[in-house]
$ cat protein-v3.txt   # compact mmCIF, N, CA and C atoms
# COMPACT_ATOMS: atom_id res chain seq x y z
N MET A 30 -35.73 -42.24 40.13
CA MET A 30 -36.21 -43.05 39.04
C MET A 30 -36.79 -42.18 37.93
N SER A 31 -37.14 -40.94 38.22
CA SER A 31 -37.69 -40.04 37.22
C SER A 31 -36.73 -39.73 36.11
N ASN A 32 -35.46 -39.81 36.38
CA ASN A 32 -34.46 -39.45 35.38
C ASN A 32 -33.89 -40.66 34.67
N MET A 33 -34.55 -41.81 34.79
CA MET A 33 -34.02 -43.03 34.20
C MET A 33 -34.06 -42.96 32.68
N ALA A 34 -33.11 -43.60 32.06
CA ALA A 34 -33.05 -43.63 30.59
C ALA A 34 -33.97 -44.71 30.08
N ALA A 35 -34.41 -44.51 28.87
CA ALA A 35 -35.33 -45.48 28.26
C ALA A 35 -34.58 -46.69 27.78
N GLY A 36 -35.28 -47.81 27.79
CA GLY A 36 -34.73 -49.04 27.22
C GLY A 36 -34.85 -48.98 25.72
N PRO A 37 -34.63 -50.09 25.04
CA PRO A 37 -34.74 -50.08 23.58
C PRO A 37 -36.15 -49.72 23.15
N SER A 38 -36.24 -48.78 22.25
CA SER A 38 -37.52 -48.33 21.75
C SER A 38 -37.39 -48.03 20.28
N LYS A 39 -38.43 -48.31 19.53
CA LYS A 39 -38.41 -48.03 18.11
C LYS A 39 -38.63 -46.54 17.91
N VAL A 40 -37.62 -45.84 17.52
CA VAL A 40 -37.69 -44.42 17.33
C VAL A 40 -37.49 -44.12 15.86
N ARG A 41 -38.32 -43.21 15.35
CA ARG A 41 -38.19 -42.82 13.96
C ARG A 41 -36.88 -42.08 13.77
N PRO A 42 -36.21 -42.28 12.63
CA PRO A 42 -34.99 -41.54 12.38
C PRO A 42 -35.27 -40.04 12.38
N GLY A 43 -34.39 -39.29 13.03
CA GLY A 43 -34.54 -37.85 13.08
C GLY A 43 -35.57 -37.39 14.08
N SER A 44 -36.07 -38.29 14.91
CA SER A 44 -37.09 -37.93 15.89
C SER A 44 -36.75 -38.58 17.21
N SER A 45 -37.12 -37.92 18.29
CA SER A 45 -36.88 -38.50 19.61
C SER A 45 -38.12 -39.17 20.16
N GLN A 46 -39.20 -39.19 19.38
CA GLN A 46 -40.46 -39.78 19.83
C GLN A 46 -40.72 -41.10 19.11
N PRO A 47 -41.27 -42.09 19.80
CA PRO A 47 -41.67 -43.32 19.14
C PRO A 47 -42.73 -43.05 18.09
N SER A 48 -42.77 -43.88 17.08
CA SER A 48 -43.67 -43.66 15.95
C SER A 48 -45.13 -43.73 16.34
N GLU A 49 -45.51 -44.49 17.34
CA GLU A 49 -46.91 -44.64 17.73
C GLU A 49 -47.47 -43.35 18.32
N SER A 50 -46.63 -42.52 18.92
CA SER A 50 -47.14 -41.34 19.61
C SER A 50 -47.78 -40.35 18.65
N SER A 51 -47.39 -40.35 17.38
CA SER A 51 -47.97 -39.41 16.44
C SER A 51 -49.38 -39.82 16.02
N LYS A 52 -49.76 -41.05 16.23
CA LYS A 52 -51.05 -41.56 15.79
C LYS A 52 -52.10 -41.55 16.90
N ARG A 53 -51.73 -41.23 18.11
CA ARG A 53 -52.67 -41.33 19.21
C ARG A 53 -52.62 -40.08 20.07
N LYS A 54 -53.64 -39.94 20.89
CA LYS A 54 -53.71 -38.83 21.82
C LYS A 54 -52.77 -39.10 22.98
N ARG A 55 -51.83 -38.20 23.20
CA ARG A 55 -50.87 -38.38 24.29
C ARG A 55 -51.50 -37.97 25.62
N GLY A 56 -50.99 -38.54 26.69
CA GLY A 56 -51.44 -38.18 28.02
C GLY A 56 -52.69 -38.90 28.48
N MET A 57 -53.17 -39.83 27.68
CA MET A 57 -54.40 -40.53 28.02
C MET A 57 -54.25 -41.35 29.30
N PHE A 58 -53.06 -41.84 29.56
CA PHE A 58 -52.83 -42.71 30.72
C PHE A 58 -51.95 -42.02 31.76
N GLN A 59 -51.81 -40.72 31.66
CA GLN A 59 -50.87 -39.98 32.49
C GLN A 59 -51.11 -40.17 33.98
N LYS A 60 -52.34 -39.95 34.43
CA LYS A 60 -52.63 -40.07 35.87
C LYS A 60 -52.40 -41.48 36.38
N ASP A 61 -52.87 -42.47 35.62
CA ASP A 61 -52.68 -43.86 36.03
C ASP A 61 -51.21 -44.21 36.12
N LEU A 62 -50.45 -43.78 35.12
CA LEU A 62 -49.01 -44.09 35.13
C LEU A 62 -48.30 -43.37 36.28
N GLN A 63 -48.71 -42.15 36.60
CA GLN A 63 -48.09 -41.45 37.72
C GLN A 63 -48.30 -42.23 39.01
N HIS A 64 -49.52 -42.75 39.21
CA HIS A 64 -49.81 -43.54 40.41
C HIS A 64 -49.01 -44.84 40.41
N MET A 65 -48.93 -45.48 39.26
CA MET A 65 -48.17 -46.73 39.18
C MET A 65 -46.69 -46.47 39.43
N MET A 66 -46.17 -45.41 38.85
CA MET A 66 -44.75 -45.08 39.04
C MET A 66 -44.47 -44.80 40.52
N TYR A 67 -45.38 -44.09 41.17
CA TYR A 67 -45.23 -43.81 42.60
C TYR A 67 -45.26 -45.11 43.40
N GLY A 68 -46.15 -46.01 43.01
CA GLY A 68 -46.26 -47.30 43.68
C GLY A 68 -45.00 -48.14 43.54
N PHE A 69 -44.26 -47.91 42.48
CA PHE A 69 -43.02 -48.65 42.26
C PHE A 69 -41.79 -47.88 42.72
N GLY A 70 -42.00 -46.80 43.48
CA GLY A 70 -40.88 -46.13 44.12
C GLY A 70 -40.47 -44.81 43.52
N ASP A 71 -41.17 -44.32 42.54
CA ASP A 71 -40.83 -43.02 41.97
C ASP A 71 -41.39 -41.92 42.85
N ASP A 72 -41.10 -40.69 42.50
CA ASP A 72 -41.60 -39.52 43.20
C ASP A 72 -43.11 -39.45 43.06
N ALA A 73 -43.79 -38.83 44.02
CA ALA A 73 -45.25 -38.69 43.94
C ALA A 73 -45.66 -37.85 42.73
N ASN A 74 -44.83 -36.92 42.33
CA ASN A 74 -45.08 -36.09 41.15
C ASN A 74 -43.89 -36.21 40.20
N PRO A 75 -43.84 -37.28 39.41
CA PRO A 75 -42.71 -37.46 38.50
C PRO A 75 -42.69 -36.40 37.41
N LEU A 76 -41.55 -36.25 36.80
CA LEU A 76 -41.42 -35.28 35.71
C LEU A 76 -42.38 -35.63 34.57
N PRO A 77 -43.04 -34.63 33.99
CA PRO A 77 -43.97 -34.91 32.88
C PRO A 77 -43.28 -35.62 31.71
N GLU A 78 -42.02 -35.29 31.49
CA GLU A 78 -41.28 -35.95 30.40
C GLU A 78 -41.10 -37.44 30.68
N THR A 79 -40.90 -37.77 31.95
CA THR A 79 -40.73 -39.18 32.32
C THR A 79 -42.04 -39.93 32.15
N VAL A 80 -43.13 -39.32 32.58
CA VAL A 80 -44.45 -39.96 32.43
C VAL A 80 -44.76 -40.16 30.95
N ALA A 81 -44.45 -39.16 30.12
CA ALA A 81 -44.69 -39.28 28.68
C ALA A 81 -43.85 -40.40 28.08
N LEU A 82 -42.60 -40.51 28.52
CA LEU A 82 -41.72 -41.58 28.02
C LEU A 82 -42.24 -42.95 28.42
N VAL A 83 -42.63 -43.10 29.69
CA VAL A 83 -43.17 -44.38 30.16
C VAL A 83 -44.45 -44.71 29.40
N GLU A 84 -45.28 -43.71 29.17
CA GLU A 84 -46.52 -43.94 28.43
C GLU A 84 -46.20 -44.42 27.01
N ASP A 85 -45.26 -43.78 26.35
CA ASP A 85 -44.87 -44.21 25.00
C ASP A 85 -44.38 -45.65 24.99
N ILE A 86 -43.57 -46.00 25.98
CA ILE A 86 -43.03 -47.36 26.06
C ILE A 86 -44.16 -48.38 26.30
N VAL A 87 -45.06 -48.07 27.22
CA VAL A 87 -46.17 -48.98 27.54
C VAL A 87 -47.08 -49.16 26.33
N VAL A 88 -47.45 -48.06 25.69
CA VAL A 88 -48.35 -48.14 24.54
C VAL A 88 -47.69 -48.92 23.40
N GLU A 89 -46.41 -48.68 23.18
CA GLU A 89 -45.70 -49.43 22.13
C GLU A 89 -45.66 -50.92 22.45
N TYR A 90 -45.40 -51.27 23.70
CA TYR A 90 -45.34 -52.67 24.11
C TYR A 90 -46.70 -53.35 23.93
N VAL A 91 -47.75 -52.70 24.41
CA VAL A 91 -49.09 -53.29 24.31
C VAL A 91 -49.50 -53.43 22.84
N THR A 92 -49.17 -52.44 22.04
CA THR A 92 -49.49 -52.49 20.61
C THR A 92 -48.76 -53.64 19.93
N GLU A 93 -47.49 -53.82 20.25
CA GLU A 93 -46.73 -54.93 19.67
C GLU A 93 -47.28 -56.29 20.10
N MET A 94 -47.67 -56.40 21.38
CA MET A 94 -48.23 -57.65 21.86
C MET A 94 -49.55 -57.95 21.16
N ALA A 95 -50.38 -56.94 20.99
CA ALA A 95 -51.65 -57.13 20.29
C ALA A 95 -51.41 -57.51 18.84
N SER A 96 -50.41 -56.91 18.22
CA SER A 96 -50.09 -57.24 16.83
C SER A 96 -49.64 -58.69 16.71
N LEU A 97 -48.81 -59.14 17.64
CA LEU A 97 -48.36 -60.53 17.61
C LEU A 97 -49.52 -61.49 17.83
N TYR A 98 -50.43 -61.12 18.71
CA TYR A 98 -51.60 -61.94 18.99
C TYR A 98 -52.46 -62.06 17.74
N LEU A 99 -52.70 -60.93 17.06
CA LEU A 99 -53.49 -60.95 15.84
C LEU A 99 -52.77 -61.68 14.71
N LEU A 100 -51.46 -61.54 14.67
CA LEU A 100 -50.67 -62.21 13.64
C LEU A 100 -50.86 -63.73 13.74
N ASN A 101 -50.96 -64.23 14.96
CA ASN A 101 -51.21 -65.65 15.17
C ASN A 101 -52.52 -66.06 14.51
N TYR A 102 -53.58 -65.24 14.69
CA TYR A 102 -54.86 -65.52 14.04
C TYR A 102 -54.74 -65.46 12.52
N VAL A 103 -53.97 -64.51 12.03
CA VAL A 103 -53.81 -64.38 10.58
C VAL A 103 -53.15 -65.63 10.00
N HIS A 104 -52.11 -66.11 10.66
CA HIS A 104 -51.43 -67.33 10.17
C HIS A 104 -52.37 -68.53 10.20
N LYS A 105 -53.14 -68.65 11.26
CA LYS A 105 -54.08 -69.78 11.33
C LYS A 105 -55.15 -69.66 10.24
N ALA A 106 -55.64 -68.45 10.01
CA ALA A 106 -56.65 -68.24 8.97
C ALA A 106 -56.07 -68.54 7.59
N GLN A 107 -54.81 -68.18 7.37
CA GLN A 107 -54.17 -68.48 6.10
C GLN A 107 -54.03 -69.98 5.90
N ASP A 108 -53.73 -70.70 6.97
CA ASP A 108 -53.64 -72.16 6.87
C ASP A 108 -54.99 -72.75 6.46
N ILE A 109 -56.05 -72.25 7.08
CA ILE A 109 -57.39 -72.74 6.74
C ILE A 109 -57.72 -72.39 5.29
N ALA A 110 -57.41 -71.17 4.90
CA ALA A 110 -57.75 -70.69 3.56
C ALA A 110 -56.90 -71.31 2.46
N SER A 111 -55.72 -71.79 2.81
CA SER A 111 -54.83 -72.33 1.77
C SER A 111 -55.45 -73.55 1.08
N LYS A 112 -56.28 -74.27 1.79
CA LYS A 112 -56.95 -75.43 1.18
C LYS A 112 -57.96 -74.99 0.13
N ARG A 113 -58.57 -73.82 0.37
CA ARG A 113 -59.57 -73.31 -0.53
C ARG A 113 -58.96 -72.35 -1.56
N GLY A 114 -57.82 -71.72 -1.18
CA GLY A 114 -57.15 -70.80 -2.08
C GLY A 114 -57.56 -69.36 -1.91
N LYS A 115 -58.44 -69.08 -0.97
CA LYS A 115 -58.93 -67.72 -0.79
C LYS A 115 -59.18 -67.46 0.69
N LEU A 116 -58.69 -66.32 1.19
CA LEU A 116 -58.87 -65.96 2.59
C LEU A 116 -60.17 -65.16 2.73
N LEU A 117 -61.05 -65.62 3.59
CA LEU A 117 -62.35 -64.98 3.77
C LEU A 117 -62.51 -64.49 5.21
N THR A 118 -63.40 -63.55 5.39
CA THR A 118 -63.72 -63.04 6.72
C THR A 118 -64.20 -64.17 7.63
N GLU A 119 -64.93 -65.10 7.04
CA GLU A 119 -65.47 -66.23 7.81
C GLU A 119 -64.36 -67.08 8.42
N ASP A 120 -63.17 -67.08 7.80
CA ASP A 120 -62.05 -67.83 8.37
C ASP A 120 -61.66 -67.28 9.73
N PHE A 121 -61.66 -65.95 9.86
CA PHE A 121 -61.34 -65.34 11.15
C PHE A 121 -62.47 -65.57 12.15
N LEU A 122 -63.69 -65.45 11.69
CA LEU A 122 -64.82 -65.68 12.59
C LEU A 122 -64.82 -67.12 13.11
N PHE A 123 -64.43 -68.05 12.25
CA PHE A 123 -64.34 -69.45 12.66
C PHE A 123 -63.31 -69.61 13.78
N LEU A 124 -62.17 -68.92 13.65
CA LEU A 124 -61.11 -69.06 14.65
C LEU A 124 -61.49 -68.47 16.01
N ILE A 125 -62.32 -67.45 16.02
CA ILE A 125 -62.68 -66.83 17.29
C ILE A 125 -64.07 -67.24 17.77
N ARG A 126 -64.64 -68.26 17.19
CA ARG A 126 -66.01 -68.67 17.50
C ARG A 126 -66.21 -69.02 18.97
N LYS A 127 -65.17 -69.45 19.67
CA LYS A 127 -65.32 -69.85 21.07
C LYS A 127 -65.11 -68.68 22.03
N ASP A 128 -64.60 -67.57 21.52
CA ASP A 128 -64.40 -66.37 22.33
C ASP A 128 -65.55 -65.41 22.02
N LEU A 129 -66.64 -65.56 22.76
CA LEU A 129 -67.87 -64.82 22.45
C LEU A 129 -67.72 -63.30 22.45
N PRO A 130 -67.01 -62.69 23.41
CA PRO A 130 -66.87 -61.23 23.33
C PRO A 130 -66.19 -60.78 22.03
N LYS A 131 -65.15 -61.48 21.61
CA LYS A 131 -64.47 -61.13 20.37
C LYS A 131 -65.37 -61.37 19.17
N LEU A 132 -66.06 -62.49 19.17
CA LEU A 132 -66.94 -62.83 18.07
C LEU A 132 -68.06 -61.80 17.94
N ASN A 133 -68.66 -61.43 19.07
CA ASN A 133 -69.73 -60.44 19.05
C ASN A 133 -69.22 -59.08 18.57
N ARG A 134 -68.04 -58.69 19.03
CA ARG A 134 -67.49 -57.40 18.61
C ARG A 134 -67.17 -57.42 17.11
N CYS A 135 -66.61 -58.51 16.63
CA CYS A 135 -66.30 -58.62 15.20
C CYS A 135 -67.56 -58.57 14.35
N THR A 136 -68.58 -59.29 14.74
CA THR A 136 -69.81 -59.27 13.96
C THR A 136 -70.46 -57.88 14.01
N GLU A 137 -70.37 -57.22 15.15
CA GLU A 137 -70.88 -55.85 15.26
C GLU A 137 -70.13 -54.91 14.32
N LEU A 138 -68.80 -55.01 14.31
CA LEU A 138 -68.00 -54.16 13.43
C LEU A 138 -68.25 -54.47 11.96
N LEU A 139 -68.42 -55.74 11.64
CA LEU A 139 -68.71 -56.11 10.25
C LEU A 139 -70.06 -55.57 9.80
N SER A 140 -71.06 -55.64 10.68
CA SER A 140 -72.37 -55.11 10.29
C SER A 140 -72.33 -53.59 10.18
N MET A 141 -71.60 -52.92 11.06
CA MET A 141 -71.46 -51.46 10.95
C MET A 141 -70.74 -51.10 9.66
N ASN A 142 -69.73 -51.88 9.29
CA ASN A 142 -69.01 -51.65 8.04
C ASN A 142 -69.96 -51.78 6.85
N GLU A 143 -70.81 -52.78 6.89
CA GLU A 143 -71.78 -52.97 5.81
C GLU A 143 -72.77 -51.81 5.74
N GLU A 144 -73.23 -51.35 6.90
CA GLU A 144 -74.13 -50.20 6.94
C GLU A 144 -73.46 -48.95 6.35
N LEU A 145 -72.18 -48.75 6.69
CA LEU A 145 -71.44 -47.60 6.15
C LEU A 145 -71.30 -47.70 4.64
N LYS A 146 -71.04 -48.91 4.14
CA LYS A 146 -70.94 -49.10 2.69
C LYS A 146 -72.24 -48.73 2.01
N GLN A 147 -73.36 -49.19 2.58
CA GLN A 147 -74.68 -48.89 2.01
C GLN A 147 -74.97 -47.38 2.05
N ALA A 148 -74.60 -46.74 3.15
CA ALA A 148 -74.83 -45.30 3.28
C ALA A 148 -73.98 -44.53 2.26
N ARG A 149 -72.75 -44.94 2.06
CA ARG A 149 -71.89 -44.28 1.06
C ARG A 149 -72.47 -44.46 -0.33
N LYS A 150 -72.93 -45.67 -0.61
CA LYS A 150 -73.51 -45.95 -1.92
C LYS A 150 -74.74 -45.08 -2.14
N ALA A 151 -75.61 -44.97 -1.14
CA ALA A 151 -76.81 -44.14 -1.25
C ALA A 151 -76.43 -42.67 -1.42
N PHE A 152 -75.41 -42.23 -0.74
CA PHE A 152 -74.96 -40.85 -0.84
C PHE A 152 -74.43 -40.56 -2.24
N GLU A 153 -73.67 -41.50 -2.80
CA GLU A 153 -73.14 -41.32 -4.16
C GLU A 153 -74.28 -41.24 -5.17
N VAL A 154 -75.30 -42.08 -5.00
CA VAL A 154 -76.45 -42.06 -5.90
C VAL A 154 -77.16 -40.72 -5.80
N ASP A 155 -77.36 -40.21 -4.57
CA ASP A 155 -78.01 -38.91 -4.38
C ASP A 155 -77.20 -37.79 -5.03
N GLU A 156 -75.86 -37.84 -4.90
CA GLU A 156 -75.02 -36.83 -5.53
C GLU A 156 -75.16 -36.86 -7.05
N GLU A 157 -75.22 -38.06 -7.61
CA GLU A 157 -75.35 -38.21 -9.06
C GLU A 157 -76.69 -37.63 -9.53
N LYS A 158 -77.76 -37.87 -8.77
CA LYS A 158 -79.07 -37.33 -9.11
C LYS A 158 -79.06 -35.81 -9.07
N LEU A 159 -78.41 -35.26 -8.03
CA LEU A 159 -78.33 -33.80 -7.91
C LEU A 159 -77.51 -33.20 -9.05
N ALA A 160 -76.43 -33.87 -9.42
CA ALA A 160 -75.58 -33.37 -10.50
C ALA A 160 -76.31 -33.42 -11.85
N SER A 161 -77.14 -34.42 -12.06
CA SER A 161 -77.83 -34.55 -13.34
C SER A 161 -78.99 -33.57 -13.47
N THR A 162 -79.53 -33.08 -12.37
CA THR A 162 -80.63 -32.13 -12.44
C THR A 162 -80.15 -30.71 -12.69
N ASP A 163 -78.86 -30.45 -12.52
CA ASP A 163 -78.32 -29.10 -12.77
C ASP A 163 -78.13 -28.78 -14.19
$ encode --input "protein-v3.txt" --output "structure tokens"
Amino acid sequence: MSNMAAGPSKVRPGSSQPSESSKRKRGMFQKDLQHMMYGFGDDANPLPETVALVEDIVVEYVTEMASLYLLNYVHKAQDIASKRGKLLTEDFLFLIRKDLPKLNRCTELLSMNEELKQARKAFEVDEEKLASTD
């Protein structure tokens, strides 16, 4: 099974690697995938190239599934916003209001984003003050 060919995969033209692999750290799931592959009948020590290929396929699949899941939320938020004519962050928060872990994570990320904006603004003001004193 180590020498099996890959199924359909989105490969960049002129490259043998899927496009997602360039954006992430490779080998993150290597040990887990080796154990899973062994559990499904592969060699106890599969070829590193095979593990890398399976990892690329799994990460691409999970990424696509997550994108489709989020796309569903985007369409629902657009439907809500179409009545008002403007898409707001609150539209997404409204849609996930019953999923507390997601809601808490989103509000945490939004507050961190706001803190970063304030810190950047303060940094720019400090730079301007330093530049004017020279």
$ atom_distance --input "protein-v3.txt" --atom1 "atom N of Glu84 of chain A" --atom2 "atom CA of Gly56 of chain A"
8.4 Å
$ atom_distance --input "protein-v3.txt" --atom1 "atom CA of Lys105 of chain A" --atom2 "atom CA of Phe121 of chain A"
8.5 Å
$ residues_around --input "protein-v3.txt" --residues "Gln63 of chain A" --least-positions-apart "5" --cutoff "8 Å" --atoms "only N, CA and C atoms" --output "MDAnalysis selection string"
chainID A and resid 58 68:69 71:75 80
$ atom_distance --input "protein-v3.txt" --atom1 "atom N of Leu139 of chain A" --atom2 "atom C of Thr118 of chain A"
10.2 Å
$ closest_residue --input "protein-v3.txt" --among "A:Arg134, A:Tyr102, A:Arg55, A:Val88" --to "Asp120 of chain A" --atoms "only N, CA and C atoms"
A:Tyr102
$ select_by_dssp --input "protein-v3.txt" --residues "chain A" --states "alpha helix (DSSP H)" --output "number ranges by chain"
A: 59-68, 77-111, 118-124, 129-162
$ closest_residue --input "protein-v3.txt" --among "A:Met141, A:Met57, A:Leu99, A:Leu159" --to "Val87 of chain A" --atoms "only C-alpha atoms"
A:Met57
$ build_atoms --input "protein-v3.txt" --residues "segment 118-140 of chain A" --atoms "N, CA, C and O atoms" --output "PDB file, in the coordinates of the input"
ATOM      1  N   THR A 118     -63.400 -63.550   5.390  1.00  0.00           N
ATOM      2  CA  THR A 118     -63.720 -63.040   6.720  1.00  0.00           C
ATOM      3  C   THR A 118     -64.200 -64.170   7.630  1.00  0.00           C
ATOM      4  O   THR A 118     -63.886 -64.218   8.816  1.00  0.00           O
ATOM      5  N   GLU A 119     -64.930 -65.100   7.040  1.00  0.00           N
ATOM      6  CA  GLU A 119     -65.470 -66.230   7.810  1.00  0.00           C
ATOM      7  C   GLU A 119     -64.360 -67.080   8.420  1.00  0.00           C
ATOM      8  O   GLU A 119     -64.575 -67.739   9.440  1.00  0.00           O
ATOM      9  N   ASP A 120     -63.170 -67.080   7.800  1.00  0.00           N
ATOM     10  CA  ASP A 120     -62.050 -67.830   8.370  1.00  0.00           C
ATOM     11  C   ASP A 120     -61.660 -67.280   9.730  1.00  0.00           C
ATOM     12  O   ASP A 120     -61.382 -68.031  10.666  1.00  0.00           O
ATOM     13  N   PHE A 121     -61.660 -65.950   9.860  1.00  0.00           N
ATOM     14  CA  PHE A 121     -61.340 -65.340  11.150  1.00  0.00           C
ATOM     15  C   PHE A 121     -62.470 -65.570  12.150  1.00  0.00           C
ATOM     16  O   PHE A 121     -62.205 -65.856  13.315  1.00  0.00           O
ATOM     17  N   LEU A 122     -63.690 -65.450  11.690  1.00  0.00           N
ATOM     18  CA  LEU A 122     -64.820 -65.680  12.590  1.00  0.00           C
ATOM     19  C   LEU A 122     -64.820 -67.120  13.110  1.00  0.00           C
ATOM     20  O   LEU A 122     -65.160 -67.357  14.269  1.00  0.00           O
ATOM     21  N   PHE A 123     -64.430 -68.050  12.250  1.00  0.00           N
ATOM     22  CA  PHE A 123     -64.340 -69.450  12.660  1.00  0.00           C
ATOM     23  C   PHE A 123     -63.310 -69.610  13.780  1.00  0.00           C
ATOM     24  O   PHE A 123     -63.532 -70.335  14.751  1.00  0.00           O
ATOM     25  N   LEU A 124     -62.170 -68.920  13.650  1.00  0.00           N
ATOM     26  CA  LEU A 124     -61.110 -69.060  14.650  1.00  0.00           C
ATOM     27  C   LEU A 124     -61.490 -68.470  16.010  1.00  0.00           C
ATOM     28  O   LEU A 124     -61.015 -68.962  17.037  1.00  0.00           O
ATOM     29  N   ILE A 125     -62.320 -67.450  16.020  1.00  0.00           N
ATOM     30  CA  ILE A 125     -62.680 -66.830  17.290  1.00  0.00           C
ATOM     31  C   ILE A 125     -64.070 -67.240  17.770  1.00  0.00           C
ATOM     32  O   ILE A 125     -64.595 -66.646  18.711  1.00  0.00           O
ATOM     33  N   ARG A 126     -64.640 -68.260  17.190  1.00  0.00           N
ATOM     34  CA  ARG A 126     -66.010 -68.670  17.500  1.00  0.00           C
ATOM     35  C   ARG A 126     -66.210 -69.020  18.970  1.00  0.00           C
ATOM     36  O   ARG A 126     -67.307 -68.860  19.494  1.00  0.00           O
ATOM     37  N   LYS A 127     -65.170 -69.450  19.670  1.00  0.00           N
ATOM     38  CA  LYS A 127     -65.320 -69.850  21.070  1.00  0.00           C
ATOM     39  C   LYS A 127     -65.110 -68.680  22.030  1.00  0.00           C
ATOM     40  O   LYS A 127     -65.390 -68.806  23.211  1.00  0.00           O
ATOM     41  N   ASP A 128     -64.600 -67.570  21.520  1.00  0.00           N
ATOM     42  CA  ASP A 128     -64.400 -66.370  22.330  1.00  0.00           C
ATOM     43  C   ASP A 128     -65.550 -65.410  22.020  1.00  0.00           C
ATOM     44  O   ASP A 128     -65.450 -64.565  21.136  1.00  0.00           O
ATOM     45  N   LEU A 129     -66.640 -65.560  22.760  1.00  0.00           N
ATOM     46  CA  LEU A 129     -67.870 -64.820  22.450  1.00  0.00           C
ATOM     47  C   LEU A 129     -67.720 -63.300  22.450  1.00  0.00           C
ATOM     48  O   LEU A 129     -68.272 -62.641  21.568  1.00  0.00           O
ATOM     49  N   PRO A 130     -67.010 -62.690  23.410  1.00  0.00           N
ATOM     50  CA  PRO A 130     -66.870 -61.230  23.330  1.00  0.00           C
ATOM     51  C   PRO A 130     -66.190 -60.780  22.030  1.00  0.00           C
ATOM     52  O   PRO A 130     -66.622 -59.811  21.403  1.00  0.00           O
ATOM     53  N   LYS A 131     -65.150 -61.480  21.610  1.00  0.00           N
ATOM     54  CA  LYS A 131     -64.470 -61.130  20.370  1.00  0.00           C
ATOM     55  C   LYS A 131     -65.370 -61.370  19.170  1.00  0.00           C
ATOM     56  O   LYS A 131     -65.439 -60.556  18.253  1.00  0.00           O
ATOM     57  N   LEU A 132     -66.060 -62.490  19.170  1.00  0.00           N
ATOM     58  CA  LEU A 132     -66.940 -62.830  18.070  1.00  0.00           C
ATOM     59  C   LEU A 132     -68.060 -61.800  17.940  1.00  0.00           C
ATOM     60  O   LEU A 132     -68.355 -61.321  16.843  1.00  0.00           O
ATOM     61  N   ASN A 133     -68.660 -61.430  19.070  1.00  0.00           N
ATOM     62  CA  ASN A 133     -69.730 -60.440  19.050  1.00  0.00           C
ATOM     63  C   ASN A 133     -69.220 -59.080  18.570  1.00  0.00           C
ATOM     64  O   ASN A 133     -69.889 -58.413  17.780  1.00  0.00           O
ATOM     65  N   ARG A 134     -68.040 -58.690  19.030  1.00  0.00           N
ATOM     66  CA  ARG A 134     -67.490 -57.400  18.610  1.00  0.00           C
ATOM     67  C   ARG A 134     -67.170 -57.420  17.110  1.00  0.00           C
ATOM     68  O   ARG A 134     -67.434 -56.442  16.405  1.00  0.00           O
ATOM     69  N   CYS A 135     -66.610 -58.510  16.630  1.00  0.00           N
ATOM     70  CA  CYS A 135     -66.300 -58.620  15.200  1.00  0.00           C
ATOM     71  C   CYS A 135     -67.560 -58.570  14.350  1.00  0.00           C
ATOM     72  O   CYS A 135     -67.589 -57.855  13.335  1.00  0.00           O
ATOM     73  N   THR A 136     -68.580 -59.290  14.740  1.00  0.00           N
ATOM     74  CA  THR A 136     -69.810 -59.270  13.960  1.00  0.00           C
ATOM     75  C   THR A 136     -70.460 -57.880  14.010  1.00  0.00           C
ATOM     76  O   THR A 136     -71.009 -57.413  13.012  1.00  0.00           O
ATOM     77  N   GLU A 137     -70.370 -57.220  15.150  1.00  0.00           N
ATOM     78  CA  GLU A 137     -70.880 -55.850  15.260  1.00  0.00           C
ATOM     79  C   GLU A 137     -70.130 -54.910  14.320  1.00  0.00           C
ATOM     80  O   GLU A 137     -70.736 -54.114  13.597  1.00  0.00           O
ATOM     81  N   LEU A 138     -68.800 -55.010  14.310  1.00  0.00           N
ATOM     82  CA  LEU A 138     -68.000 -54.160  13.430  1.00  0.00           C
ATOM     83  C   LEU A 138     -68.250 -54.470  11.960  1.00  0.00           C
ATOM     84  O   LEU A 138     -68.301 -53.566  11.128  1.00  0.00           O
ATOM     85  N   LEU A 139     -68.420 -55.740  11.640  1.00  0.00           N
ATOM     86  CA  LEU A 139     -68.710 -56.110  10.250  1.00  0.00           C
ATOM     87  C   LEU A 139     -70.060 -55.570   9.800  1.00  0.00           C
ATOM     88  O   LEU A 139     -70.204 -55.088   8.674  1.00  0.00           O
ATOM     89  N   SER A 140     -71.060 -55.640  10.680  1.00  0.00           N
ATOM     90  CA  SER A 140     -72.370 -55.110  10.290  1.00  0.00           C
ATOM     91  C   SER A 140     -72.330 -53.590  10.180  1.00  0.00           C
ATOM     92  O   SER A 140     -72.951 -53.018   9.269  1.00  0.00           O
TER      93      SER A 140
END
